[in-house]
Every structure is written in C-alpha cells, then in structure tokens.
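Chemist: Here you go, this is work_10.cif (mmCIF, C-alpha atoms).
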data_data
loop_
_atom_site.label_atom_id
_atom_site.label_comp_id
_atom_site.auth_asym_id
_atom_site.auth_seq_id
_atom_site.Cartn_x
_atom_site.Cartn_y
_atom_site.Cartn_z
CA MET Q 1 -13.37 58.74 10.73
CA ALA Q 2 -16.99 58.15 11.59
CA HIS Q 3 -18.68 60.66 13.90
CA LEU Q 4 -21.44 59.88 16.30
CA THR Q 5 -24.66 61.59 15.41
CA SER Q 6 -25.79 64.31 17.78
CA PHE Q 7 -28.76 63.91 19.98
CA ARG Q 8 -31.25 66.57 20.91
CA ARG Q 9 -32.82 66.66 24.33
CA ILE Q 10 -36.02 64.74 24.41
CA ALA Q 11 -38.50 66.28 26.78
CA PRO Q 12 -41.15 64.29 28.56
CA THR Q 13 -44.40 64.09 26.79
CA ARG Q 14 -47.82 64.65 28.20
CA ASP Q 15 -48.58 60.99 28.07
CA GLY Q 16 -45.59 59.80 30.08
CA PRO Q 17 -41.85 59.86 30.78
CA VAL Q 18 -38.94 60.36 28.33
CA PRO Q 19 -38.91 57.64 25.57
CA TYR Q 20 -35.58 56.06 26.50
CA ALA Q 21 -36.10 53.27 23.94
CA ALA Q 22 -35.68 55.75 21.11
CA VAL Q 23 -32.46 57.09 22.66
CA TYR Q 24 -31.00 53.60 23.02
CA SER Q 25 -31.87 52.66 19.43
CA ARG Q 26 -30.14 55.77 18.09
CA LEU Q 27 -27.04 55.10 20.21
CA LEU Q 28 -26.84 51.48 19.01
CA ALA Q 29 -27.12 52.54 15.36
CA SER Q 30 -24.28 55.02 15.80
CA LEU Q 31 -21.99 52.40 17.39
CA LEU Q 32 -22.64 49.93 14.55
CA LEU Q 33 -21.82 52.61 11.98
CA ALA Q 34 -18.54 53.44 13.73
CA ALA Q 35 -17.51 49.76 13.98
CA THR Q 36 -18.23 49.17 10.28
CA ALA Q 37 -16.09 52.13 9.27
CA ALA Q 38 -13.17 51.01 11.47
CA THR Q 39 -13.28 47.48 10.03
CA ALA Q 40 -13.27 48.75 6.45
CA ARG Q 41 -10.27 50.98 7.18
CA ALA Q 42 -8.33 48.07 8.78
CA GLN Q 43 -8.91 45.85 5.77
CA THR Q 44 -7.33 48.41 3.45
CA LEU Q 45 -4.06 48.38 5.42
CA PRO Q 46 -1.33 45.89 4.42
CA SER Q 47 -0.69 42.91 6.69
CA GLU Q 48 2.22 43.26 9.11
CA THR Q 49 2.90 39.48 9.29
CA ASP Q 50 5.24 37.68 6.90
CA PRO Q 51 3.72 35.21 4.40
CA PRO Q 52 4.17 31.49 5.24
CA ALA Q 53 7.30 29.90 3.83
CA SER Q 54 6.91 27.19 1.19
CA PRO Q 55 8.22 23.73 2.19
CA CYS Q 56 9.77 23.40 -1.27
CA LEU Q 57 12.08 26.37 -0.48
CA ASP Q 58 13.69 24.57 2.45
CA GLU Q 59 17.46 24.47 2.26
CA ASP Q 60 17.39 20.77 3.12
CA ALA Q 61 16.93 19.06 -0.26
CA ALA Q 62 16.09 15.75 1.41
CA ARG Q 63 12.80 17.20 2.66
CA ARG Q 64 11.51 18.47 -0.67
CA GLY Q 65 8.15 17.20 -1.90
CA VAL Q 66 9.48 15.67 -5.16
CA GLN Q 67 12.46 13.35 -5.23
CA ALA Q 68 14.02 11.37 -8.04
CA LYS Q 69 13.64 7.59 -8.02
CA THR Q 70 17.06 6.18 -7.22
CA PHE Q 71 16.39 2.57 -8.31
CA LEU Q 72 15.48 1.80 -11.93
CA LYS Q 73 14.14 -1.63 -12.96
CA ARG Q 74 13.72 -1.21 -16.72
CA ARG Q 75 15.54 -3.87 -18.79
CA LYS Q 76 17.06 -5.55 -15.73
CA LEU Q 77 16.98 -9.24 -14.77
CA GLU Q 78 16.05 -10.06 -11.17
CA LEU Q 79 17.03 -13.43 -9.69
CA THR Q 80 15.24 -14.13 -6.38
CA PRO Q 81 15.89 -17.29 -4.34
CA ALA Q 82 13.10 -17.65 -1.78
CA GLY Q 83 11.65 -19.93 0.85
CA GLY Q 84 8.74 -20.03 3.24
CA LEU Q 85 5.41 -21.67 4.06
CA TYR Q 86 3.12 -23.67 1.76
CA ALA Q 87 -0.32 -23.92 3.37
CA SER Q 88 -2.12 -26.68 1.49
CA ASP Q 89 -5.91 -26.76 1.35
CA LEU Q 90 -6.45 -30.52 1.03
CA LEU Q 91 -3.09 -31.88 2.19
CA SER Q 92 -0.81 -31.10 5.11
CA SER Q 93 0.93 -27.72 5.24
CA SER Q 94 4.68 -27.73 4.88
CA TYR Q 95 7.62 -25.64 3.71
CA ALA Q 96 8.48 -24.58 0.18
CA TRP Q 97 11.68 -23.35 -1.40
CA GLY Q 98 12.82 -22.33 -4.85
CA GLY Q 99 13.16 -19.08 -6.74
CA SER Q 100 12.07 -16.87 -9.59
CA ALA Q 101 13.60 -15.00 -12.52
CA THR Q 102 11.95 -11.73 -13.60
CA PHE Q 103 12.80 -9.64 -16.63
CA HIS Q 104 11.44 -6.11 -16.21
CA LEU Q 105 10.26 -4.66 -19.51
CA THR Q 106 9.46 -1.28 -17.94
CA GLU Q 107 9.36 0.23 -14.47
CA ASP Q 108 5.81 -1.14 -14.04
CA LEU Q 109 5.68 -4.44 -15.97
CA GLY Q 110 7.78 -7.59 -15.97
CA LEU Q 111 7.77 -11.22 -17.15
CA GLU Q 112 8.33 -13.80 -14.40
CA ALA Q 113 9.10 -17.52 -14.28
CA SER Q 114 9.15 -19.39 -10.93
CA PHE Q 115 9.96 -22.88 -9.72
CA PHE Q 116 9.32 -24.25 -6.21
CA VAL Q 117 9.66 -27.56 -4.39
CA SER Q 118 7.45 -28.67 -1.50
CA PRO Q 119 6.78 -31.98 0.31
CA VAL Q 120 3.42 -33.63 -0.41
CA ALA Q 121 2.10 -35.38 2.68
CA LEU Q 122 -1.12 -36.15 4.55
CA ASP Q 123 -0.79 -36.29 8.33
CA VAL Q 124 -4.17 -37.96 8.76
CA ASP Q 125 -2.91 -40.91 6.70
CA ASP Q 126 -1.31 -42.43 9.81
CA SER Q 127 -4.71 -42.69 11.50
CA LEU Q 128 -6.29 -44.07 8.34
CA SER Q 129 -3.55 -46.67 8.00
CA GLU Q 130 -4.20 -47.93 11.53
CA PHE Q 131 -7.95 -48.12 10.84
CA PHE Q 132 -7.83 -49.83 7.42
CA GLY Q 133 -4.65 -51.77 7.96
CA ASP Q 134 -2.84 -50.31 4.95
CA SER Q 135 -1.69 -46.90 3.70
CA ARG Q 136 -4.18 -45.06 1.49
CA PHE Q 137 -1.82 -42.15 0.64
CA HIS Q 138 1.72 -42.15 -0.70
CA ALA Q 139 3.79 -39.17 0.40
CA GLY Q 140 6.16 -37.60 -2.08
CA THR Q 141 7.52 -34.31 -3.40
CA GLY Q 142 5.68 -31.73 -5.47
CA TYR Q 143 7.33 -29.56 -8.12
CA LEU Q 144 5.52 -26.32 -8.97
CA GLY Q 145 6.40 -24.38 -12.11
CA LEU Q 146 4.73 -21.02 -12.78
CA ALA Q 147 4.95 -18.23 -15.35
CA GLY Q 148 3.14 -14.92 -15.60
CA LEU Q 149 3.15 -11.13 -15.43
CA LEU Q 150 4.36 -8.90 -12.61
CA TRP Q 151 2.72 -5.46 -12.39
CA SER Q 152 3.96 -2.65 -10.12
CA PRO Q 153 1.16 -0.05 -9.76
CA ILE Q 154 2.43 1.61 -6.55
CA HIS Q 155 5.86 3.02 -5.75
CA PHE Q 156 6.58 4.30 -2.24
CA LYS Q 157 9.46 5.55 -0.11
CA VAL Q 158 10.22 5.32 3.60
CA ARG Q 159 12.36 7.64 5.70
CA THR Q 160 15.04 5.64 7.55
CA GLY Q 161 16.50 6.39 10.96
CA GLY Q 162 19.74 7.75 9.52
CA GLY Q 163 17.97 10.37 7.43
CA GLY Q 164 18.08 8.40 4.18
CA THR Q 165 15.22 7.28 1.94
CA LEU Q 166 14.36 3.65 1.19
CA HIS Q 167 12.34 3.01 -1.97
CA GLY Q 168 9.92 0.15 -2.58
CA ASP Q 169 7.17 -1.22 -4.82
CA ILE Q 170 3.81 -2.88 -4.18
CA GLU Q 171 3.34 -5.45 -6.94
CA LEU Q 172 0.71 -7.86 -8.23
CA GLY Q 173 1.56 -11.20 -9.84
CA LEU Q 174 -0.74 -13.21 -12.08
CA GLY Q 175 -0.11 -16.33 -14.14
CA ALA Q 176 -0.46 -20.07 -14.62
CA GLY Q 177 1.62 -23.25 -14.47
CA LYS Q 178 1.57 -26.84 -13.30
CA MET Q 179 2.17 -28.89 -10.18
CA TRP Q 180 3.96 -32.17 -10.85
CA SER Q 181 2.64 -34.53 -8.20
CA GLU Q 182 0.52 -37.67 -7.95
CA THR Q 183 -2.19 -35.67 -6.18
CA SER Q 184 -2.49 -32.86 -8.77
CA GLN Q 185 -4.54 -32.76 -11.95
CA GLY Q 186 -4.49 -30.28 -14.82
CA PHE Q 187 -3.01 -26.82 -14.68
CA ALA Q 188 -2.48 -24.44 -11.77
CA PHE Q 189 -3.27 -20.73 -11.61
CA HIS Q 190 -1.79 -18.20 -9.23
CA ALA Q 191 -2.32 -14.59 -8.14
CA GLY Q 192 -1.18 -12.49 -5.22
CA PRO Q 193 0.50 -9.31 -3.94
CA ARG Q 194 4.21 -8.70 -3.43
CA LEU Q 195 6.19 -6.16 -1.44
CA GLU Q 196 9.67 -5.29 -2.63
CA MET Q 197 12.17 -3.01 -0.86
CA PHE Q 198 15.28 -1.82 -2.73
CA LEU Q 199 18.21 -2.04 -0.32
CA THR Q 200 21.06 -1.10 -2.67
CA GLY Q 201 21.56 -0.54 -6.38
CA TRP Q 202 21.74 -4.31 -6.99
CA LEU Q 203 19.97 -5.96 -4.00
CA SER Q 204 16.32 -5.98 -2.87
CA PHE Q 205 14.13 -7.81 -0.36
CA ARG Q 206 10.85 -9.36 -1.53
CA LEU Q 207 7.84 -10.60 0.45
CA ASP Q 208 5.76 -12.83 -1.83
CA VAL Q 209 2.19 -14.03 -1.15
CA ARG Q 210 0.46 -16.28 -3.71
CA ASP Q 211 -2.82 -18.14 -3.94
CA ILE Q 212 -2.31 -21.33 -5.96
CA LEU Q 213 -5.51 -22.78 -7.46
CA LEU Q 214 -5.36 -26.36 -8.70
CA ILE Q 215 -7.37 -29.58 -8.67
CA GLN Q 216 -6.06 -32.16 -6.18
CA GLU Q 217 -7.04 -35.66 -5.17
CA ALA Q 218 -6.40 -37.32 -1.83
CA VAL Q 219 -8.12 -40.24 -0.06
CA ALA Q 220 -10.97 -40.55 -2.61
CA GLU Q 221 -11.66 -36.80 -2.57
CA THR Q 222 -11.09 -34.64 -5.64
CA ARG Q 223 -11.78 -30.89 -5.67
CA LEU Q 224 -10.47 -27.44 -6.53
CA THR Q 225 -8.11 -26.24 -3.80
CA ASN Q 226 -6.76 -22.87 -2.68
CA ASN Q 227 -3.18 -23.20 -1.49
CA ILE Q 228 -1.40 -20.22 0.05
CA MET Q 229 2.35 -19.65 -0.29
CA VAL Q 230 4.12 -17.04 1.83
CA LEU Q 231 7.74 -16.58 0.75
CA GLY Q 232 10.61 -14.27 1.54
CA GLY Q 233 13.85 -13.80 -0.33
CA PHE Q 234 16.52 -11.44 -1.61
CA GLY Q 235 16.62 -10.37 -5.24
CA VAL Q 236 19.86 -9.84 -7.16
CA TRP Q 237 19.56 -7.34 -10.04
CA ILE Q 238 21.62 -7.85 -13.17
CA PRO Q 239 21.77 -5.27 -16.02
CA THR Q 240 21.12 -6.81 -19.44
CA PHE Q 241 22.34 -3.86 -21.62
CA LEU Q 242 19.35 -4.31 -23.94
#
Please render this file's structure as structure tokens.

Modeler:
Amino acid sequence: MAHLTSFRRIAPTRDGPVPYAAVYSRLLASLLLAATAATARAQTLPSETDPPASPCLDEDAARRGVQAKTFLKRRKLELTPAGGLYASDLLSSSYAWGGSATFHLTEDLGLEASFFVSPVALDVDDSLSEFFGDSRFHAGTGYLGLAGLLWSPIHFKVRTGGGGTLHGDIELGLGAGKMWSETSQGFAFHAGPRLEMFLTGWLSFRLDVRDILLIQEAVAETRLTNNIMVLGGFGVWIPTFL
C-alpha cells in the first residue's frame, strides 16, 4: 500500500503569508502516487468475468461459420429451358424462348451451348409503308445459336424462413455464335452475368442476362448492335457418371 508523505508545519515567512501553493503541490503529488499504486495492484489480479464464448462452439450446428456445400456440379449435365425478353437495338423488342445445355467440368467451369428463337420485326415499318406506298422491311423469325464458357467465381448461401440454407452461384458467361435472320450479318458474340439458385439436389432456378453483339441491317442502315436478353428458367441436373 502506498502511504501519503508527511507534511511539516510551514510557518509564515517574513515576506508574507504561508506558501499554500507548495502545500497543494505536495498533496497532489501524493494522490497521484497512491492512484498509480492502486492501478498497478488491480492489474495484477485475475479478471472476475468469464471469457466470451466462441460462435463456433454453439450447440446449433446450423449456425456454425463453416458449412459444407450441399450441391455439387462437377461432371453433371444441366438442361435449362428458358424464356423472357429480347430487347433489340435496331429492331423492335420482343420475346425470346429456347434453352441451353451445360456440362460442368468442375465446380467453377462449364461448357455451354444455347439456342433461342425470337420474332424479327420493325414496328416503324407500318409508318414507312404508308409513306412510300410499299413495305421496306420483311418481318420474320430469328434463330440464335451460341456456345461458350460458363464461369462461377462466387458461391453464396441464404438463410430461409424455415431455418434451412439455400445455396447459389453468381456466374459469368462468354462466347460466340450466329443469328440466322435476313437482318443479321456475320457472327454474334455474347457476355453477361447469371444468378443460379439450387432448389433441390436435381433442380435449380436460373436468371440469365446476356448482351448479344452482332451486325444488323434494317431500312438501309447497317451497324453493330447491342441486344439485351433477360431470361428465366429452371435447370434440370443429370449425373453423367464420368
């Protein structure tokens, strides 16, 4: 224990009253010394509070930080019929339908082939026909075939209302192909993100967004176009036993 230092009586001097400033400075120094000693003694004593519990030691295994992936894609074939919107850059926007087949080489990489059908039309052709007296555009049907790679860099999981866990992947598709139509020229290239949620061991839901780049011609105008496809569909997973 720290002891306060003793003070001797300070008599008044000839020049004036008692120097109280010196008394106060000595008292303050003694208090600081006592506080420092008490703090040092308290730090040497063990803590009376329990250490925080680790979340990984929770009895509920569903809340642990690391969980096994319940859906495996490696060496499986995914068949995905899909349909949605085809927003054309040069022509009129319309619907599109078709599907894709994806063979997953690993959990992160797959080979994909797709085929879609969409009407090819130009709404402004009606006004042009009235002005020129004849039709300058012939509507038809476009057939789009694509092939490429499917990469899955991000895997995530979502807690459902019933206490379960739903797994999913964020994917990126990239490839090339061709549009068979009177308005299209050369090859087509595509790229875009995908979101896939694994509902069961053999069924998944996919949201597919693609930017289709191709050269198109309509009403004496020819240029490179960006056409956006937004598709949704359910994938059926088939083991290949390879």

Chemist: Which residues are close to stretch 212-215 of chain Q, i.e. within 9 Å by all atoms listed in the file, leaving aside same-chain residues fewer than 2 positions away? Reply as a PDB file with C-alpha atoms, keeping the file's coordinate frame.

Modeler:
ATOM      1  CA  ALA Q 176      -0.460 -20.070 -14.620  1.00  0.00           C
ATOM      2  CA  LYS Q 178       1.570 -26.840 -13.300  1.00  0.00           C
ATOM      3  CA  MET Q 179       2.170 -28.890 -10.180  1.00  0.00           C
ATOM      4  CA  THR Q 183      -2.190 -35.670  -6.180  1.00  0.00           C
ATOM      5  CA  SER Q 184      -2.490 -32.860  -8.770  1.00  0.00           C
ATOM      6  CA  GLN Q 185      -4.540 -32.760 -11.950  1.00  0.00           C
ATOM      7  CA  GLY Q 186      -4.490 -30.280 -14.820  1.00  0.00           C
ATOM      8  CA  PHE Q 187      -3.010 -26.820 -14.680  1.00  0.00           C
ATOM      9  CA  ALA Q 188      -2.480 -24.440 -11.770  1.00  0.00           C
ATOM     10  CA  PHE Q 189      -3.270 -20.730 -11.610  1.00  0.00           C
ATOM     11  CA  HIS Q 190      -1.790 -18.200  -9.230  1.00  0.00           C
ATOM     12  CA  ALA Q 191      -2.320 -14.590  -8.140  1.00  0.00           C
ATOM     13  CA  GLY Q 192      -1.180 -12.490  -5.220  1.00  0.00           C
ATOM     14  CA  ARG Q 210       0.460 -16.280  -3.710  1.00  0.00           C
ATOM     15  CA  GLU Q 217      -7.040 -35.660  -5.170  1.00  0.00           C
ATOM     16  CA  THR Q 222     -11.090 -34.640  -5.640  1.00  0.00           C
ATOM     17  CA  ARG Q 223     -11.780 -30.890  -5.670  1.00  0.00           C
ATOM     18  CA  LEU Q 224     -10.470 -27.440  -6.530  1.00  0.00           C
ATOM     19  CA  THR Q 225      -8.110 -26.240  -3.800  1.00  0.00           C
ATOM     20  CA  ASN Q 226      -6.760 -22.870  -2.680  1.00  0.00           C
ATOM     21  CA  ASN Q 227      -3.180 -23.200  -1.490  1.00  0.00           C
ATOM     22  CA  ILE Q 228      -1.400 -20.220   0.050  1.00  0.00           C
ATOM     23  CA  MET Q 229       2.350 -19.650  -0.290  1.00  0.00           C
TER      24      MET Q 229
END

Chemist: So how many Å separate atom CA of Q:Ala121 and atom CA of Q:Gly233, to one decimal?

Modeler: 24.8 Å

Chemist: Between Q:Phe103, Q:Phe71, Q:Phe241, Q:Tyr86, single out the one closest to Q:Asp208, counting only C-alpha atoms.

Modeler: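 Of the candidates, the smallest distance to Q:Asp208 is held by Q:Tyr86.
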
Chemist: Please determine, counting all atoms listed in the file, which residue among Q:Ala101, Q:Leu242, Q:Ala82, Q:Leu150 has the shortest atom-to-atom distance to Q:Val117.

Modeler: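 Looking only at the distances to Q:Val117, the closest residue turns out to be Q:Ala82.
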
Chemist: How many Å lie between atom CA of Q:Glu182 and atom CA of Q:Thr80, rounded to one decimal?

Modeler: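 Interatomic distance here is 27.8 Å.
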
Chemist: When you draw a straight line from atom CA of Q:Arg159 to atom CA of Q:Thr200, how long is it in Å?

Modeler: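 Separation of atom CA of Q:Arg159 and atom CA of Q:Thr200: 14.9 Å.
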
Chemist: Taking the file as shown, what set of residues would the PyMOL selection byres ((chain Q and resi 120) around 6) give back, as an MDAnalysis selection string?

Modeler: chainID Q and resid 119 121 139:142

Chemist: When the PyMOL selection byres ((chain Q and resi 235) around 8) is applied to the file above, which residues end up in the set, as a PyMOL selection string?

Modeler: chain Q and resi 78-81+203-206+233-234+236-237

Chemist: Skipping near chain neighbours, those fewer than 4 positions away, what residues fall within 9 Å of Q:Trp97 using all atoms listed in the file, listed as a list in words?

Modeler: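 Everything that qualifies: Pro81, Ala82, Gly83, Gly84, Leu85, Phe115, Phe116, Val117, Ser118 and Leu231 of chain Q.
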
Chemist: Adding 8 Å on each side of the box along x, y and z that holds all listed atoms of stretch 97-113 of chain Q, could you give its centre and edge lengths in Å to one decimal, as JSON?

Modeler:
{"center_x": 9.6, "center_y": -11.6, "center_z": -10.5, "size_x": 23.9, "size_y": 39.6, "size_z": 34.1}

Chemist: I'd like the neighbourhood of Q:Gly148 as a list of chain:residue names, where a residue qualifies if any of its atoms comes within 7 Å (using all atoms listed in the file), though same-chain residues fewer than 6 positions away should be ignored.

Modeler: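 Here the answer would be Q:Leu111, Q:Glu112, Q:Ala113, Q:Leu174, Q:Gly175, Q:Ala176.
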
Chemist: Using all atoms listed in the file, which residue out of Q:Gly173, Q:Pro153, Q:Gly145, Q:Gly168 lies closest to Q:Phe198?

Modeler: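 Going through Q:Gly173, Q:Pro153, Q:Gly145, Q:Gly168 one by one, the smallest distance to Q:Phe198 is for Q:Gly168.
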